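Have a look at data.cif below; it lists mmCIF, C-alpha atoms.
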data_query
#
loop_
_atom_site.label_atom_id
_atom_site.label_comp_id
_atom_site.auth_asym_id
_atom_site.auth_seq_id
_atom_site.Cartn_x
_atom_site.Cartn_y
_atom_site.Cartn_z
CA MET A 57 2.12 86.92 -54.18
CA LYS A 58 1.08 83.89 -52.12
CA PHE A 59 3.60 81.36 -50.85
CA LYS A 60 2.59 77.88 -51.90
CA LEU A 61 4.06 74.69 -50.32
CA SER A 62 4.91 71.90 -52.63
CA LYS A 63 3.36 68.49 -52.18
CA GLU A 64 6.74 66.99 -51.39
CA PHE A 65 7.27 69.42 -48.52
CA GLN A 66 3.83 68.69 -47.12
CA ILE A 67 4.45 64.97 -47.29
CA GLY A 68 7.80 65.41 -45.51
CA ILE A 69 6.22 67.42 -42.69
CA LEU A 70 3.48 64.80 -42.32
CA VAL A 71 6.06 62.02 -42.09
CA ILE A 72 8.06 63.95 -39.45
CA VAL A 73 4.93 64.61 -37.38
CA THR A 74 3.91 60.95 -37.69
CA ILE A 75 7.35 59.78 -36.51
CA ALA A 76 7.27 62.22 -33.61
CA ILE A 77 3.80 61.12 -32.54
CA THR A 78 4.84 57.48 -32.80
CA PHE A 79 7.97 58.10 -30.73
CA PHE A 80 6.13 59.96 -27.99
CA GLY A 81 3.29 57.44 -28.05
CA VAL A 82 5.56 54.42 -27.72
CA ASN A 83 7.52 55.98 -24.88
CA TYR A 84 4.33 56.99 -23.17
CA LEU A 85 3.03 53.46 -23.36
CA LYS A 86 6.32 52.26 -21.89
CA GLY A 87 5.89 54.70 -19.02
CA ILE A 88 8.70 56.97 -20.14
CA ASN A 89 8.01 60.66 -19.81
CA ILE A 90 10.49 62.30 -22.19
CA PHE A 91 9.60 65.78 -20.95
CA ASN A 92 10.61 64.94 -17.38
CA PRO A 93 14.41 65.01 -16.73
CA THR A 94 15.69 61.68 -15.35
CA ASN A 95 18.71 60.12 -13.70
CA TYR A 96 20.38 57.10 -15.23
CA TYR A 97 22.07 54.38 -13.17
CA TYR A 98 23.39 50.94 -13.96
CA LEU A 99 22.95 47.55 -12.34
CA LYS A 100 24.69 44.25 -13.07
CA PHE A 101 23.24 40.76 -12.61
CA ASP A 102 24.34 37.28 -13.59
CA ARG A 103 20.66 36.55 -14.35
CA ILE A 104 17.59 38.74 -14.51
CA ASN A 105 14.77 36.22 -13.66
CA GLY A 106 12.23 37.51 -16.20
CA LEU A 107 13.04 41.21 -15.80
CA VAL A 108 12.07 43.16 -18.91
CA GLU A 109 12.21 46.78 -20.01
CA THR A 110 9.64 49.14 -18.46
CA ASN A 111 9.43 47.01 -15.30
CA PRO A 112 9.03 49.30 -12.28
CA VAL A 113 11.73 50.47 -9.89
CA ASN A 114 10.32 50.89 -6.38
CA VAL A 115 11.35 52.36 -3.08
CA LYS A 116 9.27 50.85 -0.25
CA GLY A 117 6.72 49.80 -2.85
CA TYR A 118 6.44 53.25 -4.43
CA LYS A 119 7.36 53.57 -8.10
CA VAL A 120 10.30 55.97 -8.58
CA GLY A 121 11.41 54.88 -12.04
CA LEU A 122 11.57 52.05 -14.49
CA VAL A 123 13.94 49.75 -16.33
CA GLN A 124 14.90 51.64 -19.47
CA GLU A 125 17.18 49.13 -21.11
CA ILE A 126 18.69 45.68 -20.64
CA VAL A 127 22.05 45.09 -22.30
CA TYR A 128 23.28 41.57 -22.99
CA ASP A 129 26.78 41.08 -24.41
CA TYR A 130 26.44 38.40 -27.08
CA GLU A 131 30.19 38.35 -27.66
CA ASN A 132 30.91 37.66 -23.97
CA PRO A 133 28.04 35.49 -22.70
CA ASN A 134 29.74 34.98 -19.31
CA GLN A 135 29.66 38.70 -18.56
CA ASP A 136 26.99 40.15 -16.30
CA ILE A 137 23.81 41.53 -17.80
CA VAL A 138 23.64 45.32 -17.53
CA VAL A 139 20.34 46.89 -16.51
CA VAL A 140 19.85 50.61 -17.08
CA LEU A 141 17.55 52.33 -14.61
CA GLN A 142 15.68 55.52 -15.40
CA LEU A 143 14.81 57.27 -12.10
CA ASP A 144 12.95 60.45 -11.32
CA ASP A 145 15.20 63.50 -11.35
CA ASP A 146 14.02 64.46 -7.83
CA LEU A 147 15.31 61.18 -6.42
CA ARG A 148 18.85 61.37 -5.07
CA VAL A 149 20.42 57.96 -4.45
CA PRO A 150 22.65 57.93 -1.34
CA GLU A 151 25.92 56.03 -1.45
CA GLY A 152 25.58 52.58 0.10
CA THR A 153 22.18 52.06 -1.45
CA LYS A 154 21.58 48.56 -2.81
CA ALA A 155 19.29 47.40 -5.57
CA ALA A 156 17.48 44.04 -5.26
CA LEU A 157 16.03 42.10 -8.16
CA VAL A 158 12.83 40.72 -6.62
CA SER A 159 11.19 37.82 -8.44
CA GLY A 160 7.41 37.73 -8.41
CA LEU A 161 5.37 34.64 -7.66
CA MET A 162 3.63 34.80 -11.04
CA GLY A 163 6.85 35.24 -13.01
CA GLY A 164 7.26 39.02 -13.03
CA ALA A 165 10.24 40.89 -11.56
CA THR A 166 10.88 44.34 -10.12
CA ILE A 167 13.81 46.40 -8.88
CA GLU A 168 13.62 47.41 -5.23
CA LEU A 169 15.98 50.13 -3.99
CA MET A 170 17.05 49.99 -0.32
CA LEU A 171 18.14 53.59 0.22
CA ASN A 172 20.99 54.11 2.65
CA GLU A 173 21.25 57.03 5.07
CA SER A 174 24.25 58.99 3.81
CA SER A 175 25.15 62.60 3.07
CA SER A 176 26.94 61.67 -0.17
CA TYR A 177 25.10 60.51 -3.26
CA TYR A 178 25.73 58.50 -6.38
CA LYS A 179 26.23 60.47 -9.58
CA ARG A 180 24.31 59.94 -12.75
CA GLY A 181 25.67 56.99 -14.67
CA ASP A 182 27.14 55.27 -11.56
CA THR A 183 26.71 51.55 -11.00
CA ILE A 184 24.65 50.71 -7.90
CA PRO A 185 25.52 47.48 -6.01
CA SER A 186 22.84 44.90 -6.66
CA TYR A 187 21.81 41.37 -5.73
CA ILE A 188 19.06 38.91 -6.52
CA ASP A 189 16.27 38.28 -4.00
CA ASP A 190 14.37 35.15 -5.03
CA GLY A 191 11.97 35.53 -2.08
CA ILE A 192 9.20 32.94 -2.19
CA LEU A 193 10.78 31.22 -5.18
CA SER A 194 13.93 30.65 -3.14
CA ALA A 195 11.91 29.11 -0.31
CA LEU A 196 10.07 26.92 -2.78
CA THR A 197 13.31 25.81 -4.35
CA SER A 198 15.21 25.18 -1.12
CA GLU A 199 12.46 23.74 1.10
CA VAL A 200 9.42 22.68 -0.82
CA MET A 201 11.02 21.09 -3.85
CA PRO A 202 13.15 18.60 -1.84
CA ARG A 203 10.03 17.49 -0.03
CA ILE A 204 8.17 17.16 -3.28
CA GLN A 205 11.01 15.06 -4.66
CA THR A 206 10.73 12.70 -1.69
CA ILE A 207 6.96 12.51 -2.05
CA ILE A 208 6.95 11.76 -5.78
CA PRO A 209 8.24 8.14 -5.41
CA GLN A 210 5.60 7.51 -2.75
CA LEU A 211 2.95 8.94 -5.05
CA ASP A 212 4.14 6.62 -7.81
CA SER A 213 3.83 3.57 -5.56
CA LEU A 214 0.42 4.79 -4.37
CA ILE A 215 -0.78 5.20 -7.95
CA VAL A 216 0.46 1.71 -8.80
CA SER A 217 -1.39 0.29 -5.79
CA LEU A 218 -4.57 2.14 -6.75
CA ASN A 219 -4.32 0.82 -10.30
CA ALA A 220 -3.89 -2.71 -8.95
CA ILE A 221 -6.94 -2.27 -6.75
CA ALA A 222 -8.96 -0.81 -9.62
CA GLU A 223 -8.05 -3.74 -11.88
CA ASN A 224 -8.94 -6.30 -9.22
CA LYS A 225 -12.12 -8.15 -10.19
CA THR A 226 -13.14 -8.61 -6.58
CA ILE A 227 -13.86 -4.89 -6.45
CA GLU A 228 -16.75 -5.39 -8.87
CA SER A 229 -18.22 -8.17 -6.75
CA SER A 230 -17.74 -6.07 -3.62
CA LEU A 231 -19.53 -3.17 -5.28
CA ALA A 232 -22.33 -5.52 -6.33
CA ASN A 233 -22.63 -6.80 -2.76
CA ILE A 234 -22.69 -3.23 -1.52
CA ASN A 235 -25.46 -2.40 -3.98
CA GLU A 236 -27.41 -5.47 -2.85
CA LEU A 237 -26.87 -4.54 0.79
CA THR A 238 -28.06 -1.01 0.03
CA GLY A 239 -31.19 -2.42 -1.58
CA ASN A 240 -31.86 -4.65 1.44
CA LEU A 241 -31.35 -1.72 3.76
CA LYS A 242 -33.80 0.27 1.67
CA LYS A 243 -36.40 -2.51 1.95
CA ALA A 244 -35.78 -2.78 5.68
CA SER A 245 -36.17 0.96 5.97
CA VAL A 246 -39.53 0.76 4.17
CA GLY A 247 -40.65 -2.01 6.56
CA ILE A 248 -39.54 -0.03 9.58
CA ASN A 249 -41.37 3.03 8.30
CA ARG A 250 -44.51 0.92 7.84
CA ILE A 251 -44.19 -0.40 11.40
CA VAL A 252 -43.63 3.07 12.75
CA ASP A 253 -46.57 4.48 10.81
CA LYS A 254 -49.07 1.66 11.51
CA ASP A 255 -48.09 -0.79 14.24
CA VAL A 256 -46.49 1.58 16.70
CA PRO A 257 -49.57 3.86 16.98
CA GLU A 258 -51.78 0.77 17.47
CA LEU A 259 -49.39 -0.59 20.08
CA CYS A 260 -49.40 2.77 21.84
CA THR A 261 -53.23 2.72 21.85
CA ASN A 262 -53.24 -0.78 23.39
CA MET A 263 -50.69 0.28 25.96
CA ASN A 264 -52.85 3.25 26.86
CA THR A 265 -55.84 0.90 27.30
CA VAL A 266 -53.81 -1.45 29.50
CA LEU A 267 -52.54 1.43 31.58
CA THR A 268 -56.09 2.74 31.96
CA ASP A 269 -57.33 -0.70 33.15
CA PHE A 270 -54.38 -1.05 35.46
CA SER A 271 -55.15 2.38 36.84
CA LYS A 272 -58.75 1.25 37.53
CA VAL A 273 -57.57 -1.96 39.23
CA SER A 274 -55.10 0.04 41.25
CA GLY A 275 -57.88 2.39 42.28
CA ASN A 276 -60.06 -0.58 43.38
CA LEU A 277 -57.17 -2.11 45.30
CA SER A 278 -56.65 1.17 47.06
CA LYS A 279 -60.23 0.92 48.36
CA VAL A 280 -59.70 -2.55 49.92
CA ASP A 281 -59.22 -2.59 53.72
CA PHE A 282 -56.14 -4.78 53.82
CA ASP A 283 -55.74 -4.40 57.58
CA LYS A 284 -59.23 -5.78 58.24
CA THR A 285 -58.73 -8.63 55.77
CA VAL A 286 -55.40 -9.58 57.32
CA ALA A 287 -56.94 -9.46 60.80
CA GLN A 288 -59.76 -11.81 59.71
CA LEU A 289 -57.25 -14.15 58.09
CA ASN A 290 -55.17 -14.20 61.25
CA SER A 291 -58.31 -14.95 63.31
CA THR A 292 -59.24 -17.83 60.99
CA LEU A 293 -55.73 -19.26 61.12
CA SER A 294 -55.78 -18.95 64.94
CA GLY A 295 -59.04 -20.96 65.09
CA VAL A 296 -57.60 -23.65 62.83
CA GLN A 297 -54.49 -23.79 64.98
CA THR A 298 -56.64 -24.19 68.16
CA MET A 299 -58.58 -27.04 66.57
CA VAL A 300 -55.37 -28.77 65.48
CA ASP A 301 -53.98 -28.39 68.99
CA LYS A 302 -57.15 -30.02 70.50
CA VAL A 303 -56.93 -32.88 68.01
CA ASN A 304 -53.29 -33.41 68.92
CA LYS A 305 -54.22 -33.39 72.63
CA GLY A 306 -57.02 -35.97 72.10
CA GLU A 307 -59.81 -33.58 72.94
CA GLY A 308 -63.15 -33.72 71.15
CA THR A 309 -64.60 -36.52 69.00
CA LEU A 310 -61.92 -36.35 66.32
CA GLY A 311 -59.22 -36.17 68.96
CA LEU A 312 -60.59 -39.16 70.87
CA LEU A 313 -60.95 -41.07 67.62
CA LEU A 314 -57.34 -40.41 66.74
CA LYS A 315 -55.93 -40.98 70.26
CA ASP A 316 -58.05 -43.94 71.59
CA GLN A 317 -56.46 -47.18 70.32
CA GLY A 318 -59.35 -49.35 71.62
CA LEU A 319 -61.94 -47.32 69.78
CA TYR A 320 -59.83 -47.66 66.67
CA ASN A 321 -59.71 -51.46 67.09
CA ASN A 322 -63.50 -51.67 67.72
CA LEU A 323 -64.15 -49.66 64.61
CA ASN A 324 -61.93 -52.02 62.60
CA THR A 325 -63.80 -55.04 64.06
CA THR A 326 -67.18 -53.47 63.29
CA VAL A 327 -66.18 -52.71 59.75
CA SER A 328 -64.87 -56.26 59.32
CA SER A 329 -68.15 -57.76 60.63
CA ALA A 330 -70.17 -55.54 58.36
CA ASN A 331 -68.10 -56.72 55.40
CA GLU A 332 -68.74 -60.38 56.34
CA LEU A 333 -72.48 -59.71 56.73
CA LEU A 334 -72.65 -58.14 53.30
CA VAL A 335 -70.82 -61.09 51.78
CA ASP A 336 -73.20 -63.60 53.45
CA LEU A 337 -76.21 -61.49 52.45
CA LYS A 338 -75.17 -61.70 48.82
CA ALA A 339 -74.54 -65.43 49.09
CA ASN A 340 -77.76 -66.41 51.03
CA PRO A 341 -80.39 -63.73 50.57
CA LYS A 342 -83.28 -66.13 51.54
CA ARG A 343 -81.85 -66.48 54.96
CA TYR A 344 -82.51 -62.88 55.67
CA VAL A 345 -85.51 -62.02 53.40
CA HIS A 346 -88.78 -64.16 53.20
CA PHE A 347 -91.13 -63.41 50.28
CA SER A 348 -94.24 -65.32 49.11
CA VAL A 349 -96.67 -64.39 46.37
CA TRP A 350 -99.62 -66.44 47.78
CA GLY A 351 -98.99 -65.76 51.39
CA GLY A 352 -97.94 -69.38 52.14
CA LYS A 353 -96.59 -70.70 55.36
CA LYS A 354 -93.23 -69.88 56.59
CA ASP A 355 -90.53 -72.38 55.76
CA LYS A 356 -89.22 -74.21 58.59
CA GLU A 357 -85.60 -74.27 59.13
#
Please re-express this file's structure in C-alpha coordinates.
Amino acid sequence: MKFKLSKEFQIGILVIVTIAITFFGVNYLKGINIFNPTNYYYLKFDRINGLVETNPVNVKGYKVGLVQEIVYDYENPNQDIVVVLQLDDDLRVPEGTKAALVSGLMGGATIELMLNESSSYYKRGDTIPSYIDDGILSALTSEVMPRIQTIIPQLDSLIVSLNAIAENKTIESSLANINELTGNLKKASVGINRIVDKDVPELCTNMNTVLTDFSKVSGNLSKVDFDKTVAQLNSTLSGVQTMVDKVNKGEGTLGLLLKDQGLYNNLNTTVSSANELLVDLKANPKRYVHFSVWGGKKDKE
(Lines of atoms letter the chains of each structure in order from A and count residues from 1; the text may use other names and numbers.)
(Lines give C-alpha, C1' and ligand atoms only; values in the text may rest on other atoms or scores of the structure.)
Protein backbone atom coordinates (compact mmCIF):
# COMPACT_ATOMS: atom_id res chain seq x y z
CA MET A 1 0.00 0.00 0.00
CA LYS A 2 1.48 3.32 -1.14
CA PHE A 3 1.56 6.36 1.13
CA LYS A 4 -0.03 9.31 -0.61
CA LEU A 5 0.42 12.95 0.59
CA SER A 6 -2.60 15.12 0.54
CA LYS A 7 -2.63 18.34 -1.44
CA GLU A 8 -2.96 20.36 1.74
CA PHE A 9 0.21 18.83 3.17
CA GLN A 10 2.11 19.51 -0.04
CA ILE A 11 0.95 23.10 -0.07
CA GLY A 12 2.03 23.52 3.56
CA ILE A 13 5.51 22.15 2.87
CA LEU A 14 5.84 24.45 -0.15
CA VAL A 15 4.86 27.46 1.94
CA ILE A 16 7.39 26.53 4.67
CA VAL A 17 10.17 26.08 2.12
CA THR A 18 9.25 29.39 0.48
CA ILE A 19 9.36 31.20 3.83
CA ALA A 20 12.70 29.61 4.68
CA ILE A 21 14.20 30.55 1.32
CA THR A 22 12.89 34.09 1.69
CA PHE A 23 14.32 34.38 5.20
CA PHE A 24 17.75 33.11 4.21
CA GLY A 25 17.72 35.19 1.04
CA VAL A 26 16.84 38.43 2.81
CA ASN A 27 19.47 37.89 5.47
CA TYR A 28 22.02 37.01 2.85
CA LEU A 29 21.30 40.19 0.97
CA LYS A 30 21.71 42.10 4.24
CA GLY A 31 25.09 40.45 4.74
CA ILE A 32 23.95 38.30 7.63
CA ASN A 33 25.27 34.77 7.63
CA ILE A 34 22.86 32.87 9.87
CA PHE A 35 25.03 29.74 9.79
CA ASN A 36 28.00 31.59 11.28
CA PRO A 37 27.82 32.12 15.10
CA THR A 38 28.08 35.81 16.04
CA ASN A 39 28.64 38.08 19.02
CA TYR A 40 26.13 40.77 19.87
CA TYR A 41 27.09 44.11 21.43
CA TYR A 42 25.26 47.34 22.01
CA LEU A 43 26.11 50.98 21.33
CA LYS A 44 24.28 54.14 22.35
CA PHE A 45 24.22 57.44 20.45
CA ASP A 46 22.24 60.65 20.78
CA ARG A 47 22.14 60.74 16.95
CA ILE A 48 23.16 58.25 14.30
CA ASN A 49 24.00 60.57 11.31
CA GLY A 50 22.43 58.39 8.60
CA LEU A 51 23.49 55.04 10.05
CA VAL A 52 21.20 52.25 8.88
CA GLU A 53 20.96 48.51 9.40
CA THR A 54 23.53 46.36 7.57
CA ASN A 55 26.08 49.20 7.59
CA PRO A 56 29.56 47.73 8.11
CA VAL A 57 31.52 47.54 11.35
CA ASN A 58 35.25 47.89 10.69
CA VAL A 59 38.50 47.45 12.52
CA LYS A 60 41.28 49.40 10.77
CA GLY A 61 39.12 49.45 7.65
CA TYR A 62 38.48 45.69 7.66
CA LYS A 63 34.88 44.54 7.94
CA VAL A 64 34.35 42.45 11.10
CA GLY A 65 30.57 42.72 11.38
CA LEU A 66 27.55 44.81 10.63
CA VAL A 67 24.77 46.81 12.22
CA GLN A 68 22.02 44.28 12.90
CA GLU A 69 19.39 46.53 14.41
CA ILE A 70 18.71 50.13 15.39
CA VAL A 71 16.28 50.64 18.26
CA TYR A 72 14.55 53.98 18.76
CA ASP A 73 12.34 54.48 21.82
CA TYR A 74 9.26 56.31 20.57
CA GLU A 75 7.89 56.64 24.09
CA ASN A 76 11.07 58.33 25.34
CA PRO A 77 12.39 60.42 22.43
CA ASN A 78 15.12 61.98 24.61
CA GLN A 79 16.71 58.60 25.27
CA ASP A 80 19.77 57.50 23.33
CA ILE A 81 19.35 55.42 20.20
CA VAL A 82 20.51 51.84 20.70
CA VAL A 83 22.56 50.23 17.94
CA VAL A 84 22.98 46.45 17.96
CA LEU A 85 26.23 45.18 16.46
CA GLN A 86 26.62 41.72 15.02
CA LEU A 87 30.34 40.79 15.05
CA ASP A 88 32.22 37.73 13.91
CA ASP A 89 32.41 35.05 16.58
CA ASP A 90 36.22 34.92 16.23
CA LEU A 91 36.53 38.57 17.20
CA ARG A 92 37.09 39.14 20.90
CA VAL A 93 36.55 42.75 21.99
CA PRO A 94 39.01 43.84 24.71
CA GLU A 95 37.77 46.00 27.55
CA GLY A 96 38.51 49.68 26.94
CA THR A 97 37.65 49.38 23.27
CA LYS A 98 35.68 52.32 21.87
CA ALA A 99 33.29 52.46 18.97
CA ALA A 100 33.19 55.56 16.72
CA LEU A 101 30.30 56.51 14.48
CA VAL A 102 32.13 57.87 11.42
CA SER A 103 30.09 59.99 9.03
CA GLY A 104 30.90 59.65 5.35
CA LEU A 105 31.34 62.59 3.01
CA MET A 106 28.55 61.36 0.74
CA GLY A 107 26.08 60.78 3.58
CA GLY A 108 26.85 57.21 4.59
CA ALA A 109 28.04 56.13 8.05
CA THR A 110 30.06 53.27 9.49
CA ILE A 111 31.08 51.94 12.90
CA GLU A 112 34.83 51.89 13.53
CA LEU A 113 36.13 49.87 16.49
CA MET A 114 39.35 51.08 18.16
CA LEU A 115 40.46 47.90 19.90
CA ASN A 116 42.27 48.35 23.19
CA GLU A 117 45.19 46.20 24.36
CA SER A 118 43.80 44.34 27.36
CA SER A 119 43.74 40.79 28.69
CA SER A 120 40.06 41.04 29.69
CA TYR A 121 37.26 41.14 27.15
CA TYR A 122 33.70 42.33 26.87
CA LYS A 123 31.01 39.67 27.11
CA ARG A 124 28.30 39.14 24.59
CA GLY A 125 25.50 41.62 25.09
CA ASP A 126 27.74 44.24 26.79
CA THR A 127 27.50 47.90 25.86
CA ILE A 128 30.68 49.29 24.29
CA PRO A 129 31.55 52.97 24.95
CA SER A 130 30.91 54.98 21.80
CA TYR A 131 31.19 58.48 20.40
CA ILE A 132 30.46 60.33 17.19
CA ASP A 133 33.31 61.27 14.83
CA ASP A 134 32.02 63.79 12.30
CA GLY A 135 35.42 63.93 10.56
CA ILE A 136 35.31 66.06 7.44
CA LEU A 137 31.74 67.12 8.15
CA SER A 138 32.87 68.55 11.48
CA ALA A 139 35.63 70.53 9.78
CA LEU A 140 33.17 71.78 7.19
CA THR A 141 30.73 72.81 9.87
CA SER A 142 33.24 74.47 12.19
CA GLU A 143 35.60 76.11 9.69
CA VAL A 144 34.19 76.28 6.22
CA MET A 145 30.60 77.21 6.97
CA PRO A 146 31.47 80.36 8.99
CA ARG A 147 33.61 81.53 6.11
CA ILE A 148 30.84 80.80 3.67
CA GLN A 149 28.44 82.78 5.83
CA THR A 150 30.77 85.78 5.71
CA ILE A 151 31.20 85.44 1.96
CA ILE A 152 27.48 85.20 1.16
CA PRO A 153 26.72 88.91 1.88
CA GLN A 154 29.67 89.90 -0.30
CA LEU A 155 28.39 87.64 -3.06
CA ASP A 156 24.98 89.28 -2.77
CA SER A 157 26.47 92.75 -3.17
CA LEU A 158 28.61 91.51 -6.06
CA ILE A 159 25.57 90.05 -7.81
CA VAL A 160 23.68 93.31 -7.32
CA SER A 161 26.61 95.25 -8.81
CA LEU A 162 26.81 92.86 -11.77
CA ASN A 163 23.08 93.24 -12.37
CA ALA A 164 23.45 97.03 -12.29
CA ILE A 165 26.30 96.83 -14.78
CA ALA A 166 24.35 94.46 -17.02
CA GLU A 167 21.33 96.78 -17.02
CA ASN A 168 23.46 99.83 -17.82
CA LYS A 169 22.79 100.99 -21.38
CA THR A 170 26.33 102.26 -21.79
CA ILE A 171 27.46 98.64 -21.87
CA GLU A 172 25.68 98.17 -25.18
CA SER A 173 27.35 101.22 -26.69
CA SER A 174 30.71 100.07 -25.31
CA LEU A 175 30.19 96.65 -26.88
CA ALA A 176 29.26 98.32 -30.16
CA ASN A 177 32.41 100.44 -30.01
CA ILE A 178 34.43 97.33 -29.28
CA ASN A 179 32.88 95.58 -32.26
CA GLU A 180 33.66 98.60 -34.46
CA LEU A 181 37.21 98.71 -33.12
CA THR A 182 37.56 95.00 -33.84
CA GLY A 183 36.38 95.58 -37.40
CA ASN A 184 38.88 98.42 -37.87
CA LEU A 185 41.64 96.27 -36.48
CA LYS A 186 40.65 93.55 -38.91
CA LYS A 187 40.83 96.00 -41.83
CA ALA A 188 44.17 97.29 -40.61
CA SER A 189 45.40 93.73 -40.32
CA VAL A 190 44.36 93.09 -43.93
CA GLY A 191 46.23 96.23 -45.04
CA ILE A 192 49.32 95.24 -43.10
CA ASN A 193 49.21 91.77 -44.61
CA ARG A 194 48.96 93.32 -48.08
CA ILE A 195 51.96 95.54 -47.34
CA VAL A 196 53.92 92.63 -45.99
CA ASP A 197 53.04 90.45 -48.97
CA LYS A 198 53.60 93.05 -51.72
CA ASP A 199 55.40 96.22 -50.69
CA VAL A 200 57.94 94.76 -48.30
CA PRO A 201 59.40 92.30 -50.87
CA GLU A 202 59.62 95.14 -53.42
CA LEU A 203 61.27 97.39 -50.86
CA CYS A 204 63.72 94.62 -50.00
CA THR A 205 64.54 94.25 -53.72
CA ASN A 206 65.19 98.00 -54.03
CA MET A 207 67.33 97.94 -50.92
CA ASN A 208 69.34 95.08 -52.37
CA THR A 209 69.85 97.11 -55.57
CA VAL A 210 70.96 100.16 -53.59
CA LEU A 211 73.33 98.09 -51.52
CA THR A 212 74.75 96.53 -54.67
CA ASP A 213 75.35 99.99 -56.23
CA PHE A 214 76.83 101.27 -53.01
CA SER A 215 79.10 98.25 -52.95
CA LYS A 216 80.27 99.11 -56.50
CA VAL A 217 80.88 102.76 -55.57
CA SER A 218 82.73 101.65 -52.48
CA GLY A 219 84.85 99.34 -54.61
CA ASN A 220 85.67 102.22 -57.01
CA LEU A 221 86.52 104.52 -54.11
CA SER A 222 88.83 101.89 -52.76
CA LYS A 223 90.78 102.06 -56.04
CA VAL A 224 91.34 105.85 -55.81
CA ASP A 225 94.83 106.93 -54.66
CA PHE A 226 93.76 109.41 -52.01
CA ASP A 227 97.33 110.07 -50.89
CA LYS A 228 98.39 111.17 -54.38
CA THR A 229 95.28 113.32 -54.80
CA VAL A 230 95.81 115.01 -51.44
CA ALA A 231 99.47 115.62 -52.29
CA GLN A 232 98.50 117.27 -55.61
CA LEU A 233 95.88 119.37 -53.85
CA ASN A 234 98.43 120.49 -51.27
CA SER A 235 100.88 121.39 -54.06
CA THR A 236 98.21 123.44 -55.85
CA LEU A 237 97.25 125.24 -52.66
CA SER A 238 100.95 125.93 -51.97
CA GLY A 239 101.33 127.53 -55.44
CA VAL A 240 98.25 129.68 -54.88
CA GLN A 241 99.60 130.72 -51.50
CA THR A 242 102.98 131.69 -53.08
CA MET A 243 101.23 133.80 -55.71
CA VAL A 244 99.10 135.53 -53.07
CA ASP A 245 102.23 136.24 -51.03
CA LYS A 246 103.96 137.84 -54.10
CA VAL A 247 100.89 139.96 -54.80
CA ASN A 248 100.84 141.11 -51.19
CA LYS A 249 104.57 141.95 -51.43
CA GLY A 250 104.08 143.97 -54.66
CA GLU A 251 106.03 141.58 -56.82
CA GLY A 252 105.02 140.88 -60.41
CA THR A 253 102.63 142.84 -62.65
CA LEU A 254 99.56 142.28 -60.51
CA GLY A 255 101.52 143.09 -57.39
CA LEU A 256 102.93 146.31 -58.86
CA LEU A 257 99.48 147.26 -60.11
CA LEU A 258 98.03 146.81 -56.65
CA LYS A 259 100.93 148.42 -54.75
CA ASP A 260 101.97 151.37 -57.05
CA GLN A 261 99.67 154.32 -56.26
CA GLY A 262 101.02 156.41 -59.19
CA LEU A 263 100.31 153.70 -61.70
CA TYR A 264 96.82 153.46 -60.26
CA ASN A 265 96.31 157.23 -60.69
CA ASN A 266 97.68 157.16 -64.29
CA LEU A 267 95.33 154.36 -65.16
CA ASN A 268 92.40 156.34 -63.75
CA THR A 269 93.49 159.40 -65.79
CA THR A 270 93.85 157.32 -68.95
CA VAL A 271 90.45 155.79 -68.50
CA SER A 272 88.94 159.23 -67.87
CA SER A 273 90.54 160.63 -71.07
CA ALA A 274 89.33 157.69 -73.07
CA ASN A 275 85.81 158.28 -71.79
CA GLU A 276 85.99 161.97 -72.84
CA LEU A 277 87.32 161.00 -76.29
CA LEU A 278 84.46 158.59 -76.82
CA VAL A 279 81.94 161.23 -75.80
CA ASP A 280 83.46 163.80 -78.22
CA LEU A 281 83.64 161.18 -80.97
CA LYS A 282 79.93 160.56 -80.64
CA ALA A 283 79.19 164.28 -80.59
CA ASN A 284 81.49 165.36 -83.52
CA PRO A 285 82.24 162.36 -85.72
CA LYS A 286 83.23 164.60 -88.74
CA ARG A 287 86.08 165.98 -86.80
CA TYR A 288 87.73 162.64 -86.73
CA VAL A 289 86.42 160.88 -89.90
CA HIS A 290 86.44 162.52 -93.47
CA PHE A 291 84.35 160.77 -96.14
CA SER A 292 83.47 161.95 -99.68
CA VAL A 293 81.60 160.07 -102.39
CA TRP A 294 83.10 162.07 -105.33
CA GLY A 295 86.54 162.43 -103.96
CA GLY A 296 86.19 166.21 -103.39
CA LYS A 297 88.65 168.47 -101.72
CA LYS A 298 89.29 168.38 -98.10
CA ASP A 299 87.34 170.87 -96.04
CA LYS A 300 89.32 173.50 -94.55
CA GLU A 301 89.04 174.12 -90.95
>> I need the output of the PyMOL selection byres ((chain A and resi 137-152) around 8) for this file as a ChimeraX atom specification; which residues are they?
In response: /A:92-104,113,120-129,135-136,153-154,171-178,185
>> Report, in Å to a single decimal, how far apart atom CA of Pro202 of chain A and atom CA of Tyr187 of chain A are.
In response: 24.7 Å
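For the pair atom CA of Leu157 of chain A and atom CA of Asp189 of chain A, the separation is 5.7 Å.
Across the model, the gap from atom CA of Thr238 of chain A to atom CA of Glu258 of chain A is 29.5 Å.
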